[in-house]
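Content type TSV, C-alpha atoms, from the file start12.tsv:
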```
chain	number	residue	atom	x	y	z
A	20	MET	CA	103.81	64.32	115.93
A	21	THR	CA	105.90	67.32	114.90
A	22	PHE	CA	107.38	67.93	111.47
A	23	TYR	CA	110.71	66.72	112.83
A	24	ASP	CA	109.13	63.26	113.24
A	25	ILE	CA	107.87	63.35	109.66
A	26	LYS	CA	111.27	64.47	108.39
A	27	GLN	CA	112.93	61.53	110.15
A	28	GLN	CA	110.76	59.11	108.17
A	29	TYR	CA	112.75	60.14	105.09
A	30	ASP	CA	116.20	59.79	106.66
A	31	THR	CA	116.91	56.58	104.75
A	32	PHE	CA	115.10	57.56	101.56
A	33	ASP	CA	117.37	57.42	98.50
A	34	PHE	CA	116.44	60.58	96.58
A	35	GLU	CA	119.12	60.09	93.95
A	36	ASN	CA	117.99	56.58	93.12
A	37	TYR	CA	114.31	57.54	93.03
A	38	ILE	CA	114.61	60.54	90.73
A	39	ALA	CA	116.86	58.54	88.39
A	40	LYS	CA	113.91	56.20	87.84
A	41	VAL	CA	111.26	58.88	87.28
A	42	SER	CA	109.76	58.34	83.82
A	43	ASP	CA	107.88	60.55	81.37
A	44	ILE	CA	104.67	58.72	82.24
A	45	MET	CA	105.17	59.37	85.96
A	46	VAL	CA	105.66	63.10	85.35
A	47	LYS	CA	102.65	63.35	83.02
A	48	ASP	CA	100.44	61.49	85.48
A	49	SER	CA	101.51	63.77	88.31
A	50	ILE	CA	100.79	66.92	86.26
A	51	ARG	CA	97.29	65.65	85.39
A	52	LYS	CA	96.30	64.95	89.00
A	53	GLU	CA	94.08	67.37	90.88
A	54	ILE	CA	95.44	66.29	94.26
A	55	LEU	CA	99.15	65.40	94.42
A	56	ASN	CA	100.82	63.21	97.02
A	57	ASN	CA	104.41	63.56	98.17
A	58	MET	CA	105.76	61.29	95.44
A	59	ASP	CA	103.94	63.27	92.76
A	60	PHE	CA	105.62	66.38	94.12
A	61	LEU	CA	108.99	64.63	93.95
A	62	ASN	CA	108.29	63.59	90.35
A	63	LEU	CA	107.74	67.24	89.41
A	64	LEU	CA	111.07	68.21	91.00
A	65	SER	CA	113.03	65.56	89.09
A	66	PRO	CA	115.29	66.33	86.12
A	67	LYS	CA	112.82	64.44	83.92
A	68	ALA	CA	110.16	67.06	84.69
A	69	LEU	CA	112.29	69.81	83.14
A	70	SER	CA	111.00	68.62	79.76
A	71	TYR	CA	107.46	69.44	80.90
A	72	ILE	CA	108.02	72.92	82.32
A	73	GLU	CA	105.58	74.48	79.85
A	74	GLU	CA	102.77	72.14	80.88
A	75	MET	CA	103.56	72.69	84.55
A	76	ALA	CA	103.65	76.47	84.04
A	77	GLN	CA	100.27	76.55	82.33
A	78	LYS	CA	98.62	74.57	85.10
A	79	ALA	CA	100.40	76.61	87.80
A	80	HIS	CA	99.04	79.78	86.19
A	81	GLU	CA	95.47	78.44	86.11
A	82	ILE	CA	95.63	77.35	89.76
A	83	SER	CA	97.11	80.65	90.91
A	84	VAL	CA	94.47	82.77	89.17
A	85	LYS	CA	91.72	80.54	90.57
A	86	HIS	CA	92.91	80.90	94.17
A	87	PHE	CA	94.55	84.33	94.22
A	88	GLY	CA	93.34	86.24	91.20
A	89	LYS	CA	95.93	88.55	89.68
A	90	GLY	CA	97.12	90.40	92.75
A	91	ILE	CA	100.77	90.62	93.83
A	92	LEU	CA	101.37	91.87	97.38
A	93	LEU	CA	104.41	94.14	97.79
A	94	TYR	CA	106.46	94.34	100.97
A	95	ALA	CA	109.89	95.48	102.15
A	96	PRO	CA	112.33	94.16	104.76
A	97	LEU	CA	113.61	96.43	107.52
A	98	TYR	CA	116.87	95.32	109.14
A	99	VAL	CA	117.19	96.72	112.67
A	100	SER	CA	120.29	94.82	113.84
A	101	ASN	CA	123.15	92.71	112.47
A	102	PHE	CA	124.47	91.40	115.79
A	103	CYS	CA	124.54	87.60	115.68
A	104	ILE	CA	125.82	84.83	117.95
A	105	ASN	CA	125.81	82.19	115.21
A	106	ASN	CA	128.65	81.31	112.86
A	107	CYS	CA	126.64	80.25	109.80
A	108	ALA	CA	129.28	79.56	107.17
A	109	TYR	CA	127.33	81.28	104.35
A	110	CYS	CA	125.93	84.40	106.05
A	111	GLY	CA	127.25	87.95	105.93
A	112	PHE	CA	126.12	88.49	109.54
A	113	SER	CA	128.02	85.45	110.85
A	114	THR	CA	129.83	86.13	114.14
A	115	LYS	CA	133.14	85.23	112.48
A	116	ASN	CA	132.87	88.10	109.97
A	117	LYS	CA	134.56	91.35	110.95
A	118	ILE	CA	131.85	93.84	110.07
A	119	LYS	CA	130.51	96.92	111.79
A	120	ARG	CA	127.72	95.85	114.14
A	121	ARG	CA	124.85	98.01	115.26
A	122	VAL	CA	121.31	98.06	116.63
A	123	LEU	CA	118.95	100.79	115.49
A	124	SER	CA	117.58	103.20	118.05
A	125	PHE	CA	113.83	103.70	118.05
A	126	GLU	CA	114.36	107.13	116.55
A	127	GLU	CA	116.30	105.54	113.68
A	128	ILE	CA	113.60	102.91	113.23
A	129	GLU	CA	110.94	105.60	112.96
A	130	GLU	CA	113.03	107.48	110.39
A	131	ASN	CA	113.24	104.31	108.27
A	132	CYS	CA	109.52	103.65	108.74
A	133	LYS	CA	108.64	107.08	107.38
A	134	ILE	CA	110.80	106.55	104.29
A	135	VAL	CA	109.45	103.06	103.49
A	136	SER	CA	105.83	104.03	104.12
A	137	ASP	CA	106.32	107.02	101.79
A	138	TYR	CA	107.15	104.48	99.07
A	139	GLY	CA	103.56	103.27	99.45
A	140	ILE	CA	104.59	100.00	101.13
A	141	ARG	CA	102.10	98.82	103.76
A	142	HIS	CA	103.61	95.43	104.64
A	143	ILE	CA	106.96	95.25	106.40
A	144	LEU	CA	109.25	92.39	107.39
A	145	LEU	CA	111.21	93.08	110.59
A	146	VAL	CA	114.65	91.43	110.31
A	147	THR	CA	117.44	91.04	112.87
A	148	GLY	CA	120.60	89.05	113.32
A	149	GLU	CA	120.23	86.31	115.92
A	150	SER	CA	121.18	87.77	119.28
A	151	SER	CA	118.71	87.76	122.17
A	152	VAL	CA	121.17	89.89	124.16
A	153	LYS	CA	121.46	92.76	121.67
A	154	THR	CA	117.84	92.53	120.50
A	155	PRO	CA	115.87	91.10	123.44
A	156	LEU	CA	112.15	90.42	123.32
A	157	SER	CA	111.44	93.77	124.99
A	158	TYR	CA	113.24	95.57	122.14
A	159	LEU	CA	111.44	93.53	119.48
A	160	LYS	CA	108.04	94.27	121.03
A	161	LYS	CA	108.74	98.00	120.92
A	162	CYS	CA	109.90	97.64	117.30
A	163	VAL	CA	106.67	95.90	116.32
A	164	GLU	CA	104.55	98.50	118.14
A	165	MET	CA	106.33	101.27	116.25
A	166	LEU	CA	106.03	99.50	112.88
A	167	LYS	CA	102.30	99.03	113.44
A	168	LYS	CA	101.90	102.80	113.37
A	169	TYR	CA	103.08	102.86	109.77
A	170	PHE	CA	102.23	99.45	108.28
A	171	ASN	CA	99.10	97.29	108.05
A	172	GLY	CA	101.05	94.06	108.21
A	173	VAL	CA	104.16	93.33	110.28
A	174	ASP	CA	105.95	90.01	109.86
A	175	VAL	CA	109.13	89.06	111.69
A	176	GLU	CA	112.29	87.24	110.61
A	177	ILE	CA	114.20	86.92	113.87
A	178	TYR	CA	115.84	84.30	116.08
A	179	PRO	CA	113.48	81.45	117.13
A	180	LEU	CA	111.33	82.13	120.18
A	181	ASN	CA	109.29	79.90	122.46
A	182	GLU	CA	105.50	79.85	122.22
A	183	SER	CA	104.82	82.33	125.02
A	184	GLU	CA	107.34	84.79	123.54
A	185	TYR	CA	105.62	84.56	120.16
A	186	ARG	CA	102.32	85.34	121.90
A	187	GLU	CA	103.84	88.43	123.47
A	188	LEU	CA	105.11	89.60	120.09
A	189	ALA	CA	101.68	88.91	118.55
A	190	ASP	CA	100.05	90.97	121.30
A	191	ALA	CA	102.38	93.82	120.31
A	192	GLY	CA	101.10	93.56	116.73
A	193	ALA	CA	103.16	90.93	114.88
A	194	ASP	CA	101.09	89.20	112.19
A	195	GLY	CA	103.42	86.61	110.69
A	196	LEU	CA	106.69	84.74	110.84
A	197	THR	CA	109.30	83.97	108.20
A	198	ILE	CA	112.01	81.49	109.09
A	199	TYR	CA	114.29	79.47	106.84
A	200	GLN	CA	115.64	76.09	107.84
A	201	GLU	CA	118.55	76.93	105.49
A	202	THR	CA	119.08	73.21	104.82
A	203	TYR	CA	116.80	70.32	105.78
A	204	ASN	CA	119.76	67.92	105.72
A	205	GLU	CA	120.45	67.49	109.44
A	206	GLN	CA	124.04	66.32	109.02
A	207	LEU	CA	124.95	69.20	106.69
A	208	TYR	CA	123.09	71.60	108.97
A	209	LYS	CA	125.37	70.66	111.87
A	210	LEU	CA	128.47	71.25	109.72
A	211	LEU	CA	127.23	74.73	108.68
A	212	HIS	CA	126.07	75.79	112.16
A	213	THR	CA	128.66	74.77	114.72
A	214	LYS	CA	128.18	77.63	117.18
A	215	GLY	CA	125.26	79.56	118.64
A	216	ALA	CA	121.61	78.83	119.33
A	217	LYS	CA	121.02	78.13	115.65
A	218	SER	CA	123.04	74.91	115.94
A	219	ASP	CA	119.89	73.26	117.42
A	220	TYR	CA	118.38	71.79	114.24
A	221	LYS	CA	115.19	70.42	115.82
A	222	TYR	CA	114.34	73.59	117.72
A	223	ARG	CA	114.64	75.66	114.55
A	224	LEU	CA	112.66	73.15	112.48
A	225	GLU	CA	109.73	73.34	114.90
A	226	THR	CA	109.72	77.15	115.11
A	227	CYS	CA	106.69	77.65	112.87
A	228	GLU	CA	104.73	75.20	114.98
A	229	ARG	CA	105.31	77.31	118.08
A	230	ALA	CA	104.24	80.45	116.19
A	231	GLY	CA	101.24	78.58	114.78
A	232	ARG	CA	100.08	77.67	118.28
A	233	ALA	CA	100.48	81.36	119.13
A	234	ASN	CA	97.92	82.07	116.35
A	235	TYR	CA	100.18	83.82	113.85
A	236	ARG	CA	98.28	84.62	110.67
A	237	ASN	CA	101.17	84.03	108.26
A	238	LEU	CA	103.82	81.29	108.42
A	239	ASN	CA	106.52	81.30	105.76
A	240	VAL	CA	109.21	78.63	105.28
A	241	GLY	CA	111.97	77.81	102.82
A	242	ALA	CA	115.52	76.57	102.29
A	243	LEU	CA	118.57	78.52	101.12
A	244	LEU	CA	119.02	77.01	97.66
A	245	GLY	CA	122.64	76.21	96.88
A	246	LEU	CA	123.65	74.74	100.24
A	247	ASN	CA	122.54	71.24	99.25
A	248	ASP	CA	120.95	69.40	96.33
A	249	PHE	CA	117.96	71.11	94.75
A	250	VAL	CA	115.47	68.22	94.76
A	251	SER	CA	115.55	67.17	98.42
A	252	GLU	CA	115.64	70.74	99.76
A	253	VAL	CA	112.59	71.94	97.81
A	254	PHE	CA	110.84	68.63	98.56
A	255	PHE	CA	111.27	69.00	102.33
A	256	ALA	CA	110.33	72.68	102.28
A	257	GLY	CA	107.20	71.74	100.34
A	258	ILE	CA	106.05	68.93	102.64
A	259	HIS	CA	106.91	71.20	105.60
A	260	ALA	CA	104.55	73.84	104.20
A	261	LYS	CA	101.83	71.24	103.62
A	262	TYR	CA	102.24	69.95	107.18
A	263	LEU	CA	101.78	73.50	108.50
A	264	GLN	CA	98.72	74.02	106.32
A	265	ARG	CA	97.07	70.87	107.66
A	266	ASN	CA	97.89	71.61	111.29
A	267	PHE	CA	97.21	75.35	111.29
A	268	PRO	CA	94.28	75.80	108.90
A	269	SER	CA	93.55	79.35	110.05
A	270	ALA	CA	97.03	80.55	108.99
A	271	GLU	CA	98.16	81.57	105.52
A	272	ILE	CA	101.13	79.35	104.69
A	273	GLY	CA	103.86	80.61	102.41
A	274	MET	CA	107.10	79.50	100.79
A	275	SER	CA	110.14	81.35	99.54
A	276	PHE	CA	112.93	80.13	97.28
A	277	PRO	CA	115.98	82.18	98.28
A	278	ARG	CA	119.03	81.35	96.17
A	279	PHE	CA	122.50	81.94	97.53
A	280	ARG	CA	123.75	85.48	96.91
A	281	PRO	CA	127.26	86.93	97.42
A	282	ALA	CA	127.95	87.99	101.01
A	283	VAL	CA	130.86	88.79	103.29
A	284	GLY	CA	133.01	85.70	103.81
A	285	ALA	CA	134.57	83.16	101.50
A	286	TYR	CA	131.69	80.66	101.36
A	287	LYS	CA	130.97	79.17	97.93
A	288	PRO	CA	127.63	77.44	97.33
A	289	LYS	CA	127.75	73.68	96.88
A	290	ILE	CA	125.44	73.83	93.88
A	291	ILE	CA	124.41	76.61	91.49
A	292	ILE	CA	120.64	76.59	91.14
A	293	SER	CA	119.63	77.56	87.60
A	294	ASP	CA	116.79	79.90	86.66
A	295	LYS	CA	115.05	76.94	85.08
A	296	ASN	CA	115.25	74.99	88.33
A	297	LEU	CA	113.80	77.95	90.23
A	298	ILE	CA	110.89	78.11	87.78
A	299	GLN	CA	110.45	74.36	88.19
A	300	ALA	CA	110.30	74.73	91.98
A	301	VAL	CA	107.66	77.49	91.82
A	302	CYS	CA	105.46	75.50	89.45
A	303	ALA	CA	105.87	72.20	91.33
A	304	VAL	CA	104.92	73.81	94.65
A	305	ARG	CA	101.87	75.50	93.12
A	306	LEU	CA	100.65	72.16	91.74
A	307	PHE	CA	101.41	70.38	95.03
A	308	ILE	CA	99.82	73.00	97.34
A	309	ASN	CA	97.25	74.99	95.40
A	310	ARG	CA	96.50	77.51	98.13
A	311	ILE	CA	99.91	78.77	99.23
A	312	ASN	CA	101.63	82.15	99.13
A	313	ILE	CA	104.81	82.09	97.06
A	314	THR	CA	107.33	84.88	97.56
A	315	VAL	CA	110.16	86.00	95.31
A	316	SER	CA	112.52	88.60	96.74
A	317	THR	CA	115.01	91.08	95.34
A	318	ARG	CA	117.63	88.34	95.51
A	319	GLU	CA	116.44	87.65	91.96
A	320	SER	CA	116.85	89.86	88.90
A	321	GLY	CA	114.04	92.08	87.72
A	322	GLU	CA	113.81	90.11	84.48
A	323	LEU	CA	113.36	86.78	86.25
A	324	ARG	CA	110.87	88.22	88.74
A	325	ASN	CA	108.90	89.59	85.81
A	326	ASN	CA	108.78	86.16	84.17
A	327	LEU	CA	107.78	84.42	87.40
A	328	ILE	CA	104.68	86.55	88.00
A	329	PRO	CA	102.23	84.47	85.90
A	330	LEU	CA	103.53	81.18	87.31
A	331	GLY	CA	102.20	81.49	90.82
A	332	ILE	CA	103.99	84.32	92.63
A	333	THR	CA	101.77	86.12	95.15
A	334	LYS	CA	104.29	88.28	97.07
A	335	MET	CA	107.30	90.33	96.02
A	336	SER	CA	109.68	92.58	97.91
A	337	ALA	CA	110.44	95.96	96.38
A	338	ALA	CA	113.11	98.65	96.86
A	339	SER	CA	114.75	96.40	99.46
A	340	SER	CA	117.80	97.07	101.60
A	341	THR	CA	119.63	94.33	103.55
A	342	GLU	CA	121.68	96.92	105.46
A	343	VAL	CA	120.80	97.85	109.03
A	344	GLY	CA	118.68	100.99	108.72
A	345	GLY	CA	119.56	100.99	105.04
A	346	TYR	CA	116.68	103.21	103.90
A	347	ALA	CA	117.89	106.21	105.88
A	348	GLU	CA	121.65	105.60	105.99
A	349	LYS	CA	123.79	108.39	104.61
A	350	GLU	CA	126.83	106.10	104.42
A	351	ARG	CA	126.55	102.65	102.90
A	352	SER	CA	127.20	99.69	105.19
A	353	ILE	CA	127.54	95.96	104.61
A	354	GLY	CA	124.25	94.15	104.12
A	355	GLN	CA	123.40	90.53	104.87
A	356	PHE	CA	123.76	89.76	101.16
A	357	LYS	CA	123.78	91.64	97.87
A	358	ILE	CA	120.37	92.27	96.36
A	359	ASN	CA	119.85	91.72	92.64
A	360	ASP	CA	116.80	93.78	91.68
A	361	THR	CA	117.36	97.45	92.58
A	362	ALA	CA	114.13	98.72	91.02
A	363	THR	CA	112.07	101.31	92.89
A	364	VAL	CA	108.59	100.54	94.16
A	365	ASP	CA	107.06	102.49	91.28
A	366	GLU	CA	109.18	100.55	88.78
A	367	VAL	CA	108.10	97.23	90.31
A	368	LYS	CA	104.46	98.31	90.24
A	369	ARG	CA	104.83	99.30	86.59
A	370	MET	CA	106.33	95.89	85.77
A	371	ILE	CA	103.41	94.14	87.47
A	372	TYR	CA	100.85	96.24	85.59
A	373	GLN	CA	102.61	95.40	82.30
A	374	LYS	CA	101.97	91.72	83.03
A	375	ASN	CA	98.27	92.54	83.45
A	376	TYR	CA	98.49	91.94	87.20
A	377	GLN	CA	97.58	94.22	90.10
A	378	PRO	CA	100.19	95.36	92.66
A	379	LEU	CA	98.65	95.25	96.13
A	380	MET	CA	99.94	97.48	98.88
A	381	LYS	CA	97.81	95.70	101.51
A	382	ASP	CA	95.73	92.54	101.33
A	383	TRP	CA	93.58	92.77	104.47
A	384	THR	CA	92.70	95.14	107.28
A	385	ILE	CA	91.83	94.29	110.87
A	386	LEU	CA	88.84	96.33	112.09
```

Would you mind writing the file out in structure tokens?
Amino acid sequence: MTFYDIKQQYDTFDFENYIAKVSDIMVKDSIRKEILNNMDFLNLLSPKALSYIEEMAQKAHEISVKHFGKGILLYAPLYVSNFCINNCAYCGFSTKNKIKRRVLSFEEIEENCKIVSDYGIRHILLVTGESSVKTPLSYLKKCVEMLKKYFNGVDVEIYPLNESEYRELADAGADGLTIYQETYNEQLYKLLHTKGAKSDYKYRLETCERAGRANYRNLNVGALLGLNDFVSEVFFAGIHAKYLQRNFPSAEIGMSFPRFRPAVGAYKPKIIISDKNLIQAVCAVRLFINRINITVSTRESGELRNNLIPLGITKMSAASSTEVGGYAEKERSIGQFKINDTATVDEVKRMIYQKNYQPLMKDWTIL
């Protein structure tokens, strides 16, 4: 049984009706539990639970310190291409957008690697648009091999591959995979992705399972918050993460909570996700899955990122660029989306220290 089969079990579930009936007692009982089931998780995502954010935050803090201590791993994304065959309605790289497209040469990649590694960053996220023609597996393997010269950890955020392709990329040095379902609502997904390989909802949903079978050490999932209602999207991302944790116990499972940010194109998010809702999501996930990496990127403001640290965050990006080769570019280009926190790595480290936490530049080394 894949996660797609589990997701289908909820196709007729009435989220709106359920959360309307969540009571104070249900929320309190769910907070008190040591082991939460799916309905407990849903209770903590309900509007009723907003009145108990302080209690949730305190418990989330205790759980996080118990399992992760006070370390925050820093990483940076490196965009090597913005060519894309998909027409995602919300994305700056969508094929319908008239932007300058390019693929970095290996010389340009190395130039960017030197700059980012000089920041002190030792974990990198390799990011591309989704085009197997412009960035074939052979190109990606060479990218990973080059990144491994400069970074201890190399994760990839690329177009979905099959299992054997993930194994090839792992052999080249890839450690982890980040992939967002964008929306777990299959009907809405089809409306937002009408062209390109990404239009295959099921294949994308099962991507982490293929990487898991290829023995990736890190698997990170999430939904783009704002495309659909908050409760169901975070719920499905959460039970997706728990499914991966149960089926791939040797992998570190992670979740991200990317909120919609301005990008090229006229797309307007369906729903504006508040800061309070984002805090609620972080706390609810930490209570639901105690041992899970939670990432907050530079999509969020420095102030909010600062406030999220004690609530269960374990990974943060720093000094990010969403432009292709953006660390070395002399002329600014159009990124995938606009970042929010423009702080330098040293400024982010200083913020973490001020919260009595420890910035980590690497979290493990393979001998």

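Atom CA of A:Ile143 is found 15.9 Å from atom CA of A:Asn312.
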
Item to check | Using all atoms listed in the file: which of A:Arg324, A:Arg236, A:His259, A:Arg120 has the shortest distance to A:Val175 | outcome: A:Arg236

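When atom CA of A:Ala68 is paired with atom CA of A:Asn325, their separation reads 22.6 Å.
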
Item to check | Residues near A:Glu130, cut-off 9 Å, only C-alpha atoms, skip fewer than 5 positions along chain, as a PyMOL selection string | outcome: chain A and resi 125+135+344+346-347

Take the residues that were just selected and, keeping C-alpha atoms, output them as a short mmCIF file (atom, residue, chain, number, x, y, z; two decimals), keeping the file's coordinate frame.
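Resulting contents of out_6.cif:
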```cif
data_model
loop_
_atom_site.label_atom_id
_atom_site.label_comp_id
_atom_site.auth_asym_id
_atom_site.auth_seq_id
_atom_site.Cartn_x
_atom_site.Cartn_y
_atom_site.Cartn_z
CA PHE A 125 113.83 103.70 118.05
CA VAL A 135 109.45 103.06 103.49
CA GLY A 344 118.68 100.99 108.72
CA TYR A 346 116.68 103.21 103.90
CA ALA A 347 117.89 106.21 105.88
#
```

Checklist entry - Closest to A:Val304 among A:Ser100, A:Ser275, A:Ser340, A:Ser320, using all atoms listed in the file? => result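 Among A:Ser100, A:Ser275, A:Ser340, A:Ser320, it is A:Ser275 that comes nearest to A:Val304.
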
List the residues sitting within 8 Å of (100.8, 86.0, 109.4) in the file's frame, using all atoms listed in the file, as a PDB file with C-alpha atoms, in the coordinates of the input.
```
ATOM      1  CA  ASP A 174     105.950  90.010 109.860  1.00  0.00           C
ATOM      2  CA  ALA A 193     103.160  90.930 114.880  1.00  0.00           C
ATOM      3  CA  ASP A 194     101.090  89.200 112.190  1.00  0.00           C
ATOM      4  CA  GLY A 195     103.420  86.610 110.690  1.00  0.00           C
ATOM      5  CA  LEU A 196     106.690  84.740 110.840  1.00  0.00           C
ATOM      6  CA  TYR A 235     100.180  83.820 113.850  1.00  0.00           C
ATOM      7  CA  ARG A 236      98.280  84.620 110.670  1.00  0.00           C
ATOM      8  CA  ASN A 237     101.170  84.030 108.260  1.00  0.00           C
ATOM      9  CA  LEU A 238     103.820  81.290 108.420  1.00  0.00           C
ATOM     10  CA  ALA A 270      97.030  80.550 108.990  1.00  0.00           C
ATOM     11  CA  GLU A 271      98.160  81.570 105.520  1.00  0.00           C
TER      12      GLU A 271
END
```

Item to check | Minimum-distance residue to A:Glu322, chosen among A:Asn359, A:Arg186, A:Ala303, A:Lys289 (using all atoms listed in the file) | outcome: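 Of A:Asn359, A:Arg186, A:Ala303, A:Lys289, the one nearest A:Glu322, counting all atoms listed in the file, is A:Asn359.
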
Checklist entry - In Å, with one decimal, what is the gap from atom CA of A:Ser336 to atom CA of A:Ile358? => result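 We find that atom CA of A:Ser336 and atom CA of A:Ile358 lie 10.8 Å from each other.
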
Item to check | Exercise: A:Ser42 partners within 12 Å, all atoms listed in the file, chain neighbours under 2 positions left out, as an MDAnalysis selection string | outcome: chainID A and resid 37:40 44:49 59 61:63 65:71

Item to check | Residues near A:Glu187, cut-off 9 Å, only C-alpha atoms, skip fewer than 6 positions along chain, as a ChimeraX atom specification | outcome: /A:156,160,193,233

Checklist outcome for this item: Nearest to A:Ile25, restricted to all atoms listed in the file and choosing among A:Glu164, A:Glu348, A:Asp382, A:Glu225, comes out as A:Glu225

Next on the checklist: Which residues are close to A:Leu379, i.e. within 8 Å by all atoms listed in the file, leaving aside same-chain residues fewer than 5 positions away? Reply as number ranges by chain.
Outcome noted: A: 90-93

Checklist entry - Any idea what's packed within 10 Å of A:Thr314, counting all atoms listed in the file, ignoring anything in its chain fewer than 4 positions away? Could you give it as a ChimeraX atom specification? => result /A:91-93,239,241,273-277,301,331-336

Checklist outcome for this item: Min atom-atom distance to A:Tyr203 from the set A:Ser150, A:Asn296, A:Gln27, A:Ser339, counting all atoms listed in the file, belongs to A:Gln27

Can you put N, CA and C atoms back into stretch 303-315 of chain A and show it as a PDB file, keeping the file's coordinate frame?
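Once written, part.pdb looks like this:
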```pdb
ATOM      1  N   ALA A 303     106.119  73.462  90.621  1.00  0.00           N
ATOM      2  CA  ALA A 303     105.870  72.200  91.330  1.00  0.00           C
ATOM      3  C   ALA A 303     105.149  72.455  92.650  1.00  0.00           C
ATOM      4  N   VAL A 304     105.572  73.485  93.375  1.00  0.00           N
ATOM      5  CA  VAL A 304     104.920  73.810  94.650  1.00  0.00           C
ATOM      6  C   VAL A 304     103.485  74.239  94.422  1.00  0.00           C
ATOM      7  N   ARG A 305     103.242  75.045  93.389  1.00  0.00           N
ATOM      8  CA  ARG A 305     101.870  75.500  93.120  1.00  0.00           C
ATOM      9  C   ARG A 305     100.960  74.320  92.788  1.00  0.00           C
ATOM     10  N   LEU A 306     101.458  73.333  92.057  1.00  0.00           N
ATOM     11  CA  LEU A 306     100.650  72.160  91.740  1.00  0.00           C
ATOM     12  C   LEU A 306     100.447  71.275  92.969  1.00  0.00           C
ATOM     13  N   PHE A 307     101.449  71.235  93.835  1.00  0.00           N
ATOM     14  CA  PHE A 307     101.410  70.380  95.030  1.00  0.00           C
ATOM     15  C   PHE A 307     100.521  70.980  96.120  1.00  0.00           C
ATOM     16  N   ILE A 308     100.625  72.302  96.326  1.00  0.00           N
ATOM     17  CA  ILE A 308      99.820  73.000  97.340  1.00  0.00           C
ATOM     18  C   ILE A 308      99.139  74.169  96.633  1.00  0.00           C
ATOM     19  N   ASN A 309      97.919  73.976  96.212  1.00  0.00           N
ATOM     20  CA  ASN A 309      97.250  74.990  95.400  1.00  0.00           C
ATOM     21  C   ASN A 309      97.132  76.331  96.108  1.00  0.00           C
ATOM     22  N   ARG A 310      96.741  76.279  97.384  1.00  0.00           N
ATOM     23  CA  ARG A 310      96.500  77.510  98.130  1.00  0.00           C
ATOM     24  C   ARG A 310      97.704  77.801  99.025  1.00  0.00           C
ATOM     25  N   ILE A 311      98.722  78.421  98.464  1.00  0.00           N
ATOM     26  CA  ILE A 311      99.910  78.770  99.230  1.00  0.00           C
ATOM     27  C   ILE A 311     100.495  80.060  98.677  1.00  0.00           C
ATOM     28  N   ASN A 312     100.941  80.935  99.575  1.00  0.00           N
ATOM     29  CA  ASN A 312     101.630  82.150  99.130  1.00  0.00           C
ATOM     30  C   ASN A 312     103.043  81.789  98.687  1.00  0.00           C
ATOM     31  N   ILE A 313     103.454  82.316  97.562  1.00  0.00           N
ATOM     32  CA  ILE A 313     104.810  82.090  97.060  1.00  0.00           C
ATOM     33  C   ILE A 313     105.481  83.444  96.879  1.00  0.00           C
ATOM     34  N   THR A 314     106.615  83.607  97.540  1.00  0.00           N
ATOM     35  CA  THR A 314     107.330  84.880  97.560  1.00  0.00           C
ATOM     36  C   THR A 314     108.600  84.805  96.723  1.00  0.00           C
ATOM     37  N   VAL A 315     108.870  85.856  95.980  1.00  0.00           N
ATOM     38  CA  VAL A 315     110.160  86.000  95.310  1.00  0.00           C
ATOM     39  C   VAL A 315     110.713  87.370  95.682  1.00  0.00           C
TER      40      VAL A 315
END
```
